2 protein chains.
Amino acid sequence: MLTPRPVTLVTGHGDLVPARDAALASGDGDLVLDRDAALACGHGDLVPARDAAVACGHGDLVLDRDAAVACGHGDLVLDRDAALACGHGDLVLDRDAALACGHGDLVLDRDTTVGAPAALDGVLGWLQGALRPPTGLPLTRSHDATITLALDDTLAAEAFRLRVTPERVVITGGGPAGVFWGCQALLQLLPPAVHRKATAAGHRWSVPSLQIYDHPRFAWRGLMLDVARHFMPKHDVLRIIDLMAMHRLNTLHLHLTDDQGWRVEILRYPLLTEVGAWRRESQVGAARGGRADGRPHGGYYTQDDIREIVAYAAQRFITVVPEIETPGHVQAALAAYPSLGVGASPGLGGPPEGGDLVGAGGTLAAGAGPPQVWTRWGVNRNILNVEESTVDFFTGVLDEIMELFPSTYIGVGGDECPKDQWRDDPRTQQRMADLGFTREQQLHAWFVRRLGDHLAASGRRLFGWDEILEGELPSGATIASWRGSTGAVTAARRGIDVVSCPDDKVYLDYRQSELPTEPIPVSIPLELGDVYAFDPVPPELTADEARHVLGGQAALWTEHADSPRTVDYLLFPRLCAVAEALWSPPGGDFTDFERRLTHHLHRLDAFGVEYRHPSGPRPWQQRPGVPGRPATRRQRAEHIARLVATITTP
Amino acid sequence: MLTPRPVTLVTGHGDLVPARDAALASGDGDLVLDRDAALACGHGDLVPARDAAVACGHGDLVLDRDAAVACGHGDLVLDRDAALACGHGDLVLDRDAALACGHGDLVLDRDTTVGAPAALDGVLGWLQGALRPPTGLPLTRSHDATITLALDDTLAAEAFRLRVTPERVVITGGGPAGVFWGCQALLQLLPPAVHRKATAAGHRWSVPSLQIYDHPRFAWRGLMLDVARHFMPKHDVLRIIDLMAMHRLNTLHLHLTDDQGWRVEILRYPLLTEVGAWRRESQVGAARGGRADGRPHGGYYTQDDIREIVAYAAQRFITVVPEIETPGHVQAALAAYPSLGVGASPGLGGPPEGGDLVGAGGTLAAGAGPPQVWTRWGVNRNILNVEESTVDFFTGVLDEIMELFPSTYIGVGGDECPKDQWRDDPRTQQRMADLGFTREQQLHAWFVRRLGDHLAASGRRLFGWDEILEGELPSGATIASWRGSTGAVTAARRGIDVVSCPDDKVYLDYRQSELPTEPIPVSIPLELGDVYAFDPVPPELTADEARHVLGGQAALWTEHADSPRTVDYLLFPRLCAVAEALWSPPGGDFTDFERRLTHHLHRLDAFGVEYRHPSGPRPWQQRPGVPGRPATRRQRAEHIARLVATITTP
């Protein structure tokens, strides 16, 4: 006998009660309910099946996740593989949704109208804006509309019901975000050409009769985009936001500053962009000491651009979390304001052009003059000094950042900060002594806390990489756990909120396969299946501890992605797998995902995404002769183990 | 006494009769009309002025081009410099429109509605889609709307009236296109932030009271975009289309194939894209024998992509004119189907890797094996053979092209076709003899005519570069005159339609100044003022001959524009000057344009265009050390004179 589970009830009369792990349906008053022994009933045929919730009704049918079960009125028989494909193909993300299919389609035409209460004006406008260009239909607003958006506060804010009959579509969300995700589901039910930007002739804009109830597993479903190593023009960022929305991701973590470039206008410090927003050239490939391309690179977002990006994302229920790197990864800032660096005297702090400190001891570089915006990749020795004036400088930067970004979470970096310069600098050592510290790590934690306190005073929360777990944290700090899952486990056990982004699962700059044709192959192969297996909650956590895992995010570092086309290649289709891992319950079947993805790729084609083809990179996506720096899983695991050795585990 | 001219009548009661060279306005029944002695009258003050049309009315005022004239009710006095700036800044394109300013603004708010007859559904949907994202306003449709679109068939199809009072906006066009250009004018009257894609807070969405009557000077206002040398992803092409629409350009000439790449899927010849859509590497810079970058480059549009681009453009009243190059500029096709080349035997027809035939005699290259997609820039010796099978191949290609592109005009190239291989190939010489030809040029003309006849049989017109004037033309052929204005003059005098795109005025790949920092400086400096002075009608033509000048187009060749960011830099702001030259009457004042452009650049900033800053390229827009191939105007003129020596002048 099985323990009863929360269920989704689908009656034949349109009532829907949301629940997570099972689907259940009844006909005229009959109820059948059992999770592992799934059943189906109806007015006609009966098809039982295993491990599934089941539904039937007045000719409707409902299926679910582990085994699709079907029943119907004779002319409608679904089998396992056809089940999730009951729309115009397979659905990505709605894998585990309670899903019911009915008879017949609704076809959008010139008489189709749309409607919503005033509170959903924005979503309705978005939906018209999304559907009109590809369909060419007027889709005018009406009180008694064909497609109706609605709110139901008994649902969670991001949850939605989508009910399609041959006459009507109703999308109901707990909040506007839920309605918006429901609209995205509707788009998935239409032909892939709905993702084109202009009228595609010859399409029948039909939506199958069905019901979906769905909601996300995690509140933080993110993508970190590094626009510092390679600048991405505003309109390309907006395009990435559209792709995130399509995949129901809701957090864009923008990595705005690094050694190689400062990308956001700060009014009180204009040199940050005048000087810091461009570099003379860029290293080609990942090999230490590799050649440079001799080509300047740069660009930055004005504050108006940032406001636009933030508003554009907000209209799509995506929060933009900004990150200003400190106290390492700051060479672009040092190039603009050398007084922020360690060692005021000229000759100290010059950029170690050929260096890369990962795994190396590192000695202080003796360059000439203030550093230039860095042209190499890797970990840089040049870090901030810890003067009060430097704290003031960055709290000033953060003040403008907070004005631009309404996000609760504000990133301050904190990662990969070699302490060599602090150790070797008499003035810094004096400062440590004054503050009563004996280890440079304490100074690092102190600096981060100073920024965290400043953010907290404005009601914001500091967001930093898991290195900051190595010291005492500011209250309310939230961790991005990237070096495997050690950070996530540690943070959750210490009661600290954490976002999982383990490099060995979701660092999408890592090579996509073992193929020698992968462009500039970095680190371990992260194949689609590896990414799909991502679970933000490390298995060793208890349920209580796991509540501190806010969710997860993919990361795209762009040292080797020098154009939006390359970003497309690295992100897709792996980001689809990340999105499903963050939206749906754990335990998805990769074979099933791959099958559904086949159809989803048509959507990406329509959108114009230059994804990695399942067979490997196209000839023009390759970078023959440009060295990467591949590693085996064992090499990487050993490397990460060394890095996280200093994280304090409770 | 002056000869009466056609006039624009602006009465106080809203009637408008379009005319070209003058503006006229009356109050309650009074009419004042005189071109060179401009007058203004009103109910209050009277201000006369010179050489201008004049207006007055119930407090409205109208001004015109050579002298701004103002009258009004006391509190409204415009002077010359403020006149055209009577909106929220200066207007580009509407320089010579009959323009009247009134009292007060209309401010868009949540109660603002929009309306149009069903025939304008598409334009209305576009307008909502354009205004909603930046303003965040619902702008719902209503019968008695604040912003009304209307048709008036007494106007020319592309002409429009725009009338703004504090209560209402009415945009009336001769056809939907005219309404659409009127909507673009409305956007120019709103704050520049209207060109952002998301709600920009803190803006007052006000439009000044005024009337505009405007219409384009030319029916063909184009941009040629070379997506063969460097592929431009679909979404970037759509963005260019949006920028064209903003500048009321209506023809996108897509250069889809060349030696360096074949960019359009042809179902019956899949190797054209499988093989021809990418190359191993690209020459860096313009110097003969310059280094290559070792990086593959490629990409192509599927037929669905093309349909989307065409439909997207059509919704913006832009016609896409495709071009399939023949019989030269075909090496990508030869790489895919070597049998199309001259000299069936292996060893003949290999790509002359280091060659560039411009100005050189050229000898037959003896490569090994079939040619690869070319990795060099310049004129290529490898051309098509003239077998019937080759004619069949390209008529087959054109059949698919005609199915994809509804344009009347279909480009077949015809330019820069060295005849060396034909001269040296016995089989081609035999073919010439069979056809009764004594010169290779006759064969060239014959090949072009064969394609032209095929197009004509489907009701289309051949569009080719001015080289085809060197031989007998197929009937209905239209010329793109690029080598100075010789082609335009010759064609017009021979009664052949022609589009002017003289390289020394509108080849926007040419360097933008004499500054040594211009990236990869090519040919003569084409400064903004040079481009602004562009007049598609060569002065030596009579009015009758000039009727064959359909208009003009800018050209952007992309050998040295390897990313959309570089395309932005080369196009803007010079394309703004081209647009005004094609829209407005001749004789614009550059100083005035520059002044108005200052404001227009804010619109480009909002749109996210990385234009060339008036002070020169940003550091990251430069390409230090990469050789261009600059020329003086005299060198270029001599070179062009040699090239056009064989054009037959009547």
# chains A, B, ... in the order shown; residues from 1 in each chain; ligands from 1
>>> interface_residues(of="chain B", to="chain A", cutoff="8 Å", atoms="only C-alpha atoms", output="VMD selection string")
chain B and resid 121 to 122 125 129 132 136 138 140 to 141 196 to 200 233 to 235 278 to 280 294 to 299 305 307 to 309 311 to 312 315 606 608 619 to 624
>>> select_by_dssp(residues="stretch 302-522 of chain B", states="strand (DSSP E)", output="tab-separated table (two decimals) with N, CA and C atoms, in the first residue's frame")
chain	number	residue	atom	x	y	z
B	319	THR	N	10.52	46.51	-49.71
B	319	THR	CA	10.65	45.40	-50.66
B	319	THR	C	12.06	44.85	-50.59
B	320	VAL	N	12.16	43.54	-50.51
B	320	VAL	CA	13.49	42.92	-50.53
B	320	VAL	C	13.78	42.48	-51.96
B	321	VAL	N	14.83	43.04	-52.52
B	321	VAL	CA	15.26	42.69	-53.87
B	321	VAL	C	16.44	41.75	-53.74
B	322	PRO	N	16.27	40.49	-54.13
B	322	PRO	CA	17.38	39.54	-53.98
B	322	PRO	C	18.37	39.68	-55.13
B	323	GLU	N	19.59	39.30	-54.86
B	323	GLU	CA	20.58	39.26	-55.94
B	323	GLU	C	21.35	37.95	-55.89
B	324	ILE	N	21.33	37.25	-57.01
B	324	ILE	CA	22.14	36.05	-57.23
B	324	ILE	C	23.17	36.43	-58.27
B	325	GLU	N	24.42	36.47	-57.87
B	325	GLU	CA	25.46	36.95	-58.78
B	325	GLU	C	25.73	35.96	-59.91
B	326	THR	N	25.83	36.48	-61.14
B	326	THR	CA	26.28	35.73	-62.32
B	326	THR	C	26.88	36.73	-63.28
B	409	TYR	N	11.72	43.24	-59.10
B	409	TYR	CA	13.11	43.28	-59.54
B	409	TYR	C	13.88	42.11	-58.92
B	410	ILE	N	14.59	41.39	-59.77
B	410	ILE	CA	15.42	40.28	-59.29
B	410	ILE	C	16.84	40.52	-59.81
B	411	GLY	N	17.79	40.60	-58.89
B	411	GLY	CA	19.16	40.89	-59.26
B	411	GLY	C	19.91	39.66	-59.76
B	412	VAL	N	20.65	39.84	-60.82
B	412	VAL	CA	21.47	38.75	-61.33
B	412	VAL	C	22.95	39.15	-61.41
B	413	GLY	N	23.30	40.28	-60.85
B	413	GLY	CA	24.70	40.67	-60.82
B	413	GLY	C	25.17	41.24	-62.13
B	461	ARG	N	11.44	41.62	-63.49
B	461	ARG	CA	12.41	42.43	-64.24
B	461	ARG	C	13.81	42.18	-63.73
B	462	LEU	N	14.73	42.03	-64.66
B	462	LEU	CA	16.12	41.81	-64.29
B	462	LEU	C	16.72	43.10	-63.75
B	463	PHE	N	17.50	42.93	-62.69
B	463	PHE	CA	18.17	44.06	-62.05
B	463	PHE	C	19.66	43.71	-62.04
B	464	GLY	N	20.48	44.59	-62.65
B	464	GLY	CA	21.90	44.25	-62.75
B	464	GLY	C	22.78	45.47	-62.61
B	465	TRP	N	24.03	45.24	-62.29
B	465	TRP	CA	25.00	46.33	-62.15
B	465	TRP	C	25.29	46.97	-63.50
B	478	THR	N	16.73	46.70	-65.41
B	478	THR	CA	16.95	47.92	-64.63
B	478	THR	C	18.36	47.87	-64.08
B	479	ILE	N	18.97	49.04	-64.08
B	479	ILE	CA	20.41	49.12	-63.80
B	479	ILE	C	20.67	49.69	-62.41
B	480	ALA	N	21.65	49.09	-61.73
B	480	ALA	CA	22.21	49.72	-60.53
B	480	ALA	C	23.50	50.40	-60.97
B	481	SER	N	23.48	51.70	-61.00
B	481	SER	CA	24.61	52.46	-61.53
B	481	SER	C	25.57	52.79	-60.41
B	498	VAL	N	16.86	53.11	-63.99
B	498	VAL	CA	18.14	53.01	-63.29
B	498	VAL	C	17.99	53.45	-61.84
B	499	VAL	N	18.75	52.78	-60.99
B	499	VAL	CA	18.85	53.15	-59.58
B	499	VAL	C	20.28	53.63	-59.35
B	500	SER	N	20.39	54.83	-58.81
B	500	SER	CA	21.72	55.42	-58.64
B	500	SER	C	22.35	54.97	-57.31
B	522	VAL	N	39.22	52.20	-46.79
B	522	VAL	CA	39.09	51.78	-48.18
B	522	VAL	C	38.71	52.98	-49.04
>>> residues_around(residues="B:Met432", least_positions_apart="2", cutoff="12 Å", atoms="only C-alpha atoms", output="number ranges by chain")
B: 385-387, 422-423, 425-430, 434-447
>>> atom_distance(atom1="atom CA of A:Met246", atom2="atom CA of A:Gln184")
5.9 Å
>>> select_by_dssp(residues="stretch 374-573 of chain A", states="alpha helix (DSSP H)", output="PyMOL selection string")
chain A and resi 388-404+420-424+426-435+440-457+486-493+503-506+528-532+543-546+564-571
